[in-house]
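Okay, structure first, notes after.
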Amino acid sequence: MLDIRFVRENPEIVKENIKKKFQDHKLPMVDEVIELDAKNRAAITEASELRASRNTLSKQVGMLMGQAKKDPSKLEEAEKVKAQVKANAERLAELEKLEEEYAARIRELMMNIPNIIDPSVPIGPDDSANVEVERFGEAVTPEYDIPYHTQIMESFNGVDMDAAGRVSGNGFYYLMGDIARLHSAVLAYARDFMIDKGFIYCIPPFMIHGNVVEGVMSQTDMDSMMYKIEGEDLYLIGTSEHSMIGKFIDQIIPEQSLPQTLTSYSPCFRKEKGAHGIEERGVYRIHQFEKQEMIVVCKPEESMDWYEKMWRYSVELFRNMEIPVRQLECCSGDLADLKVKSCDIEAWSPRQQKYFEVCSCSNLGDAQARRLKMRVKGEDGKMYLPHTLNNTVAAPPRMLIAFLENHLQADGSVTIPECLRPYMGGKAVLTPAAK
RNA sequence: GGAGAUGUCGCGUAGUUGGUCGAGCGCGCACGAUUGGAAAUCGUGUAUACCCCAAAAGGGUAUCGAGAGUUCGAAUCUCUCCAUCUCCGCCA
């Protein structure tokens, strides 16, 4: 969300930005919001004046009532003043209603006007125009066939999709045995990796209030992603980012405590509305998964440095696990409205002969901070909005797909990279279950 | 889940027969004076958001857990909700 003052003063920049994101249908929103803002301010000004006169008149009543104790004739005078205040009450109520209507519509529009993208973001209409920036590690394709990931898991008796379907429906999974252990090992390693980078480990609430949801994501995302608890003002989180950024709602953050570097674990729940292709079967796209996340809240001038550091952490983690990856930069049209800049870290799939998304690193600028009213009090006493960033550390079971495909050997075994062995009971290799 | 108590400016408190209370006092903090320096002492200041103003200065509005109501006027009265504490119940 942008600052309404910025929109008021720079309508052309805002419109240009909308065009860059190929959202021309939103162009009229800019003029509409500026007009509403002017009306709203006029209403506020008039209402403030009415309230000011009400306050002074009411004080007069108080004084007159006091005097009336000695001089009953003052009572009449007081009644006159009362009537005067009452006369203004109607207009004030009218204005208050207007203010409310304007504010609601302005907020609605502002929520839909996209954040200003970073000048470095490549311009393009959709994900087909995303730009590969750099590859890390050699994308190896072995001689032997790499089966679909659920098949690999099944060879270890490591997954039961049928049972999950019966119990919870499509989009759920049972992980079992070594595969389940591998899942936990990856999370534990990812956690410790981030702790070693100086991040603070957090376990947040897995359900959050509606106003927090609205603060951290756009309305459309909310409808298509979030599960609501029936009869309660609670939503299951889609990522721990929601509770971790929400942690700062309405808070004034001391400047000395910046940057806040946090790494959080949580299960994530997503509706995943809409149809998905055949490559999204298995545990690729599911209603529930677990994720280790990194969150940074920092001074505005430091956010781009953190952005660079954060996606590099993801690369380092995947390289430690001996998985080839690449950095794919999101183009303007594929960038969510709240984001200033974003990239995906994609892992190599030897089966599909292509890279697929395993991490998503985003700089949200001050958009979340403005929505959530999180502010920093500077050394000079002035308030400003911090920048917020988030990035995936590891999100199994999806990342297990990359793991299994890249570590599967010709004999059907799976090698465990050095860094994960302490979390796997020292094992260097997993051997498939006997048929 | 049941019963009771509480919720005021960074912290601690005053304020509950509604009216100079946006709010007193103490602590803390900032600046200044005093001092060779420090402590102590004294003085001054000490919220946030928004509106008006070209800007500054200045003025105004709102905010005493949140929301709604009564009233000319509410920190003070009524209702709803939330949070905290104590006791009971239940439970990983």
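Chain labels run A, B, ... following the order of the structure tokens; each chain numbers its residues from 1, and ligands are numbered from 1 in the order shown.
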
Exercise: Val213 in chain A partners within 12 Å, only C-alpha atoms (C1' of nucleotides), chain neighbours under 5 positions left out, as a PyMOL selection string
chain A and resi 207-208+218-223+225-228+233-247+249+368+371-372

Could you save those same residues with C-alpha atoms as a JSON list (two decimals), in the first residue's frame?
```
[["chain", "number", "residue", "atom", "x", "y", "z"],
["A", 207, "MET", "CA", -3.89, -18.96, 13.49],
["A", 208, "ILE", "CA", -4.30, -15.20, 13.24],
["A", 218, "SER", "CA", -4.04, -8.48, -0.72],
["A", 219, "GLN", "CA", -7.76, -9.23, -0.74],
["A", 220, "THR", "CA", -7.57, -11.53, -3.75],
["A", 221, "ASP", "CA", -4.74, -13.54, -2.19],
["A", 222, "MET", "CA", -6.76, -13.78, 0.99],
["A", 223, "ASP", "CA", -9.79, -15.26, -0.75],
["A", 225, "MET", "CA", -5.43, -18.84, 0.00],
["A", 226, "MET", "CA", -6.72, -18.52, 3.53],
["A", 227, "TYR", "CA", -8.76, -21.03, 5.51],
["A", 228, "LYS", "CA", -11.12, -19.45, 8.00],
["A", 233, "ASP", "CA", -12.15, -14.40, 13.97],
["A", 234, "LEU", "CA", -9.27, -16.72, 13.13],
["A", 235, "TYR", "CA", -7.55, -17.82, 9.95],
["A", 236, "LEU", "CA", -5.03, -20.62, 9.49],
["A", 237, "ILE", "CA", -1.79, -19.03, 8.37],
["A", 238, "GLY", "CA", -0.67, -19.54, 4.78],
["A", 239, "THR", "CA", 2.94, -18.94, 5.86],
["A", 240, "SER", "CA", 4.61, -17.94, 9.09],
["A", 241, "GLU", "CA", 5.37, -14.60, 7.41],
["A", 242, "HIS", "CA", 1.76, -13.73, 8.25],
["A", 243, "SER", "CA", 2.19, -14.14, 11.98],
["A", 244, "MET", "CA", 5.77, -12.90, 11.99],
["A", 245, "ILE", "CA", 5.02, -9.60, 10.26],
["A", 246, "GLY", "CA", 1.73, -9.43, 12.14],
["A", 247, "LYS", "CA", 3.76, -9.54, 15.35],
["A", 249, "ILE", "CA", 0.95, -4.66, 14.19],
["A", 368, "GLN", "CA", 3.20, -4.02, 4.94],
["A", 371, "ARG", "CA", -0.94, -1.39, 6.39],
["A", 372, "LEU", "CA", -0.07, -2.76, 9.80]]
```

Once you count only C-alpha atoms (C1' of nucleotides), what closest atom pair and distance in Å to one decimal does each residue of chain B within 10 Å of chain A have, with rows by chain and rising residue number, as a tab-separated table?
```
residue	atom	partner	partner_atom	distance
B:G19	C1'	A:Gly62	CA	4.9
B:U20	C1'	A:Lys59	CA	8.2
B:U48	C1'	A:Met383	CA	10.0
B:C50	C1'	A:Ile44	CA	8.7
B:C51	C1'	A:Thr45	CA	5.5
B:C52	C1'	A:Thr45	CA	7.1
B:G60	C1'	A:Ser48	CA	6.8
B:U61	C1'	A:Ser48	CA	4.9
B:A62	C1'	A:Ser48	CA	9.2
B:C72	C1'	A:Lys82	CA	4.3
B:G73	C1'	A:Ser58	CA	5.4
```

Keeping only C-alpha atoms (C1' of nucleotides), take the residues you just selected and write them out as a PDB file, in the first residue's frame.
```pdb
ATOM      1  C1'   G B  19     -18.318  19.868  32.993  1.00  0.00           C
ATOM      2  C1'   U B  20     -11.476  24.716  33.315  1.00  0.00           C
ATOM      3  C1'   U B  48       0.381   9.353  18.499  1.00  0.00           C
ATOM      4  C1'   C B  50      -5.042  13.396  11.144  1.00  0.00           C
ATOM      5  C1'   C B  51      -6.838  18.337   9.306  1.00  0.00           C
ATOM      6  C1'   C B  52      -5.951  23.774   8.247  1.00  0.00           C
ATOM      7  C1'   G B  60      -7.845  22.609  15.358  1.00  0.00           C
ATOM      8  C1'   U B  61      -9.853  17.437  15.831  1.00  0.00           C
ATOM      9  C1'   A B  62      -9.450  12.547  17.740  1.00  0.00           C
ATOM     10  C1'   C B  72     -25.234  20.194  25.222  1.00  0.00           C
ATOM     11  C1'   G B  73     -20.810  17.662  27.319  1.00  0.00           C
TER      12        G B  73
END
```

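Atom pair CA of Ile195 in chain A / CA of Ser264 in chain A has a distance of 10.3 Å (rounded to one decimal).
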
When distances are computed from only C-alpha atoms (C1' of nucleotides), which of B:U76, B:A30, B:A92, B:A3 shows the smallest separation from C64 in chain B?
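Looking only at the distances to C64 in chain B, the closest residue turns out to be B:U76.
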
DSSP-assigned alpha helix (DSSP H) members of range 266-379 of chain A, reported as a CSV table (one decimal) with C-alpha atoms, in the first residue's frame:
```csv
chain,number,residue,atom,x,y,z
A,303,SER,CA,16.4,-3.3,2.6
A,304,MET,CA,18.1,-3.9,-0.7
A,305,ASP,CA,21.2,-5.2,0.9
A,306,TRP,CA,19.1,-7.6,3.0
A,307,TYR,CA,17.3,-8.7,-0.1
A,308,GLU,CA,20.6,-9.6,-1.7
A,309,LYS,CA,21.8,-11.4,1.4
A,310,MET,CA,18.6,-13.3,1.9
A,311,TRP,CA,18.3,-14.9,-1.5
A,312,ARG,CA,22.0,-15.8,-1.3
A,313,TYR,CA,21.3,-17.7,2.0
A,314,SER,CA,18.8,-19.8,0.1
A,315,VAL,CA,21.3,-20.6,-2.6
A,316,GLU,CA,23.9,-21.5,0.0
A,317,LEU,CA,21.5,-23.8,1.8
A,318,PHE,CA,20.5,-25.6,-1.3
A,319,ARG,CA,24.1,-25.9,-2.4
A,320,ASN,CA,25.0,-27.4,1.0
A,367,ALA,CA,3.8,-1.5,2.2
A,368,GLN,CA,3.2,-4.0,4.9
A,369,ALA,CA,4.5,-1.6,7.5
A,370,ARG,CA,2.0,1.0,6.4
A,371,ARG,CA,-0.9,-1.4,6.4
A,372,LEU,CA,-0.1,-2.8,9.8
```

Which residues come within 12 Å of Gly171 in chain A, counting only C-alpha atoms (C1' of nucleotides), excluding same-chain residues fewer than 5 positions away, as number ranges by chain?
A: 160-166, 269-273, 276, 280-289

Could you tell me, as a ChimeraX atom specification, which residues of range 155-362 of chain A DSSP assigns to strand (DSSP E or B) when given the backbone?
/A:159,175,200-202,207-208,227-228,235-236,252-254,260-269,288-298,325-329,341-349,354-362

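Computed from the coordinates, the C1' of A68 in chain B to C1' of C85 in chain B distance equals 26.8 Å.
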
Nearby residues (only C-alpha atoms (C1' of nucleotides)) at most 12 Å from C21 in chain B, same-chain spacing under 5 positions excluded, as a PyMOL selection string:
chain B and resi 8+14-15+64+74-76

Output the selection as a PDB file, in the first residue's frame - C-alpha atoms (C1' of nucleotides) for each residue.
```pdb
ATOM      1  C1'   U B   8      -5.443   5.901  32.609  1.00  0.00           C
ATOM      2  C1'   A B  14      -4.326  10.121  41.088  1.00  0.00           C
ATOM      3  C1'   G B  15      -8.902  10.865  39.068  1.00  0.00           C
ATOM      4  C1'   C B  64      -7.810   7.313  29.235  1.00  0.00           C
ATOM      5  C1'   A B  74     -17.954  11.005  29.331  1.00  0.00           C
ATOM      6  C1'   A B  75     -11.569   8.693  31.728  1.00  0.00           C
ATOM      7  C1'   U B  76     -15.998   9.134  34.753  1.00  0.00           C
TER       8        U B  76
END
```

Just give me the gap between CA of Ile229 in chain A and CA of Phe206 in chain A in Å, one decimal is fine.
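Between these atoms lies a distance of 11.7 Å.
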
With only C-alpha atoms (C1' of nucleotides) as the counted atoms, please give the residues lying no more than 12 Å from G26 in chain B, apart from itself and same-chain residues fewer than 6 positions off, as a count of residues only.
4

Nearest to Gly381 in chain A among A:Phe199, A:Ile252, A:Leu98, A:Arg181, with distances taken over only C-alpha atoms: which residue is it?
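Closest residue, counting only C-alpha atoms: A:Ile252.
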
Taking 6 positions as the minimum chain separation for residues in the same chain, which residues sit within 12 Å of U46 in chain B when counting only C-alpha atoms (C1' of nucleotides)? Answer as a PDB file with C-alpha atoms (C1' of nucleotides), in the first residue's frame.
```pdb
ATOM      1  CA  GLY A 381      12.498  11.171  17.614  1.00  0.00           C
TER       2      GLY A 381
ATOM      3  C1'   C B   9       0.281   9.545  28.788  1.00  0.00           C
ATOM      4  C1'   G B  10       7.605   4.802  28.568  1.00  0.00           C
ATOM      5  C1'   G B  28      12.353   7.400  33.852  1.00  0.00           C
ATOM      6  C1'   C B  29      14.184  10.117  29.688  1.00  0.00           C
ATOM      7  C1'   A B  30      16.095  14.808  27.044  1.00  0.00           C
ATOM      8  C1'   C B  31      18.092  19.606  27.365  1.00  0.00           C
TER       9        C B  31
END
```
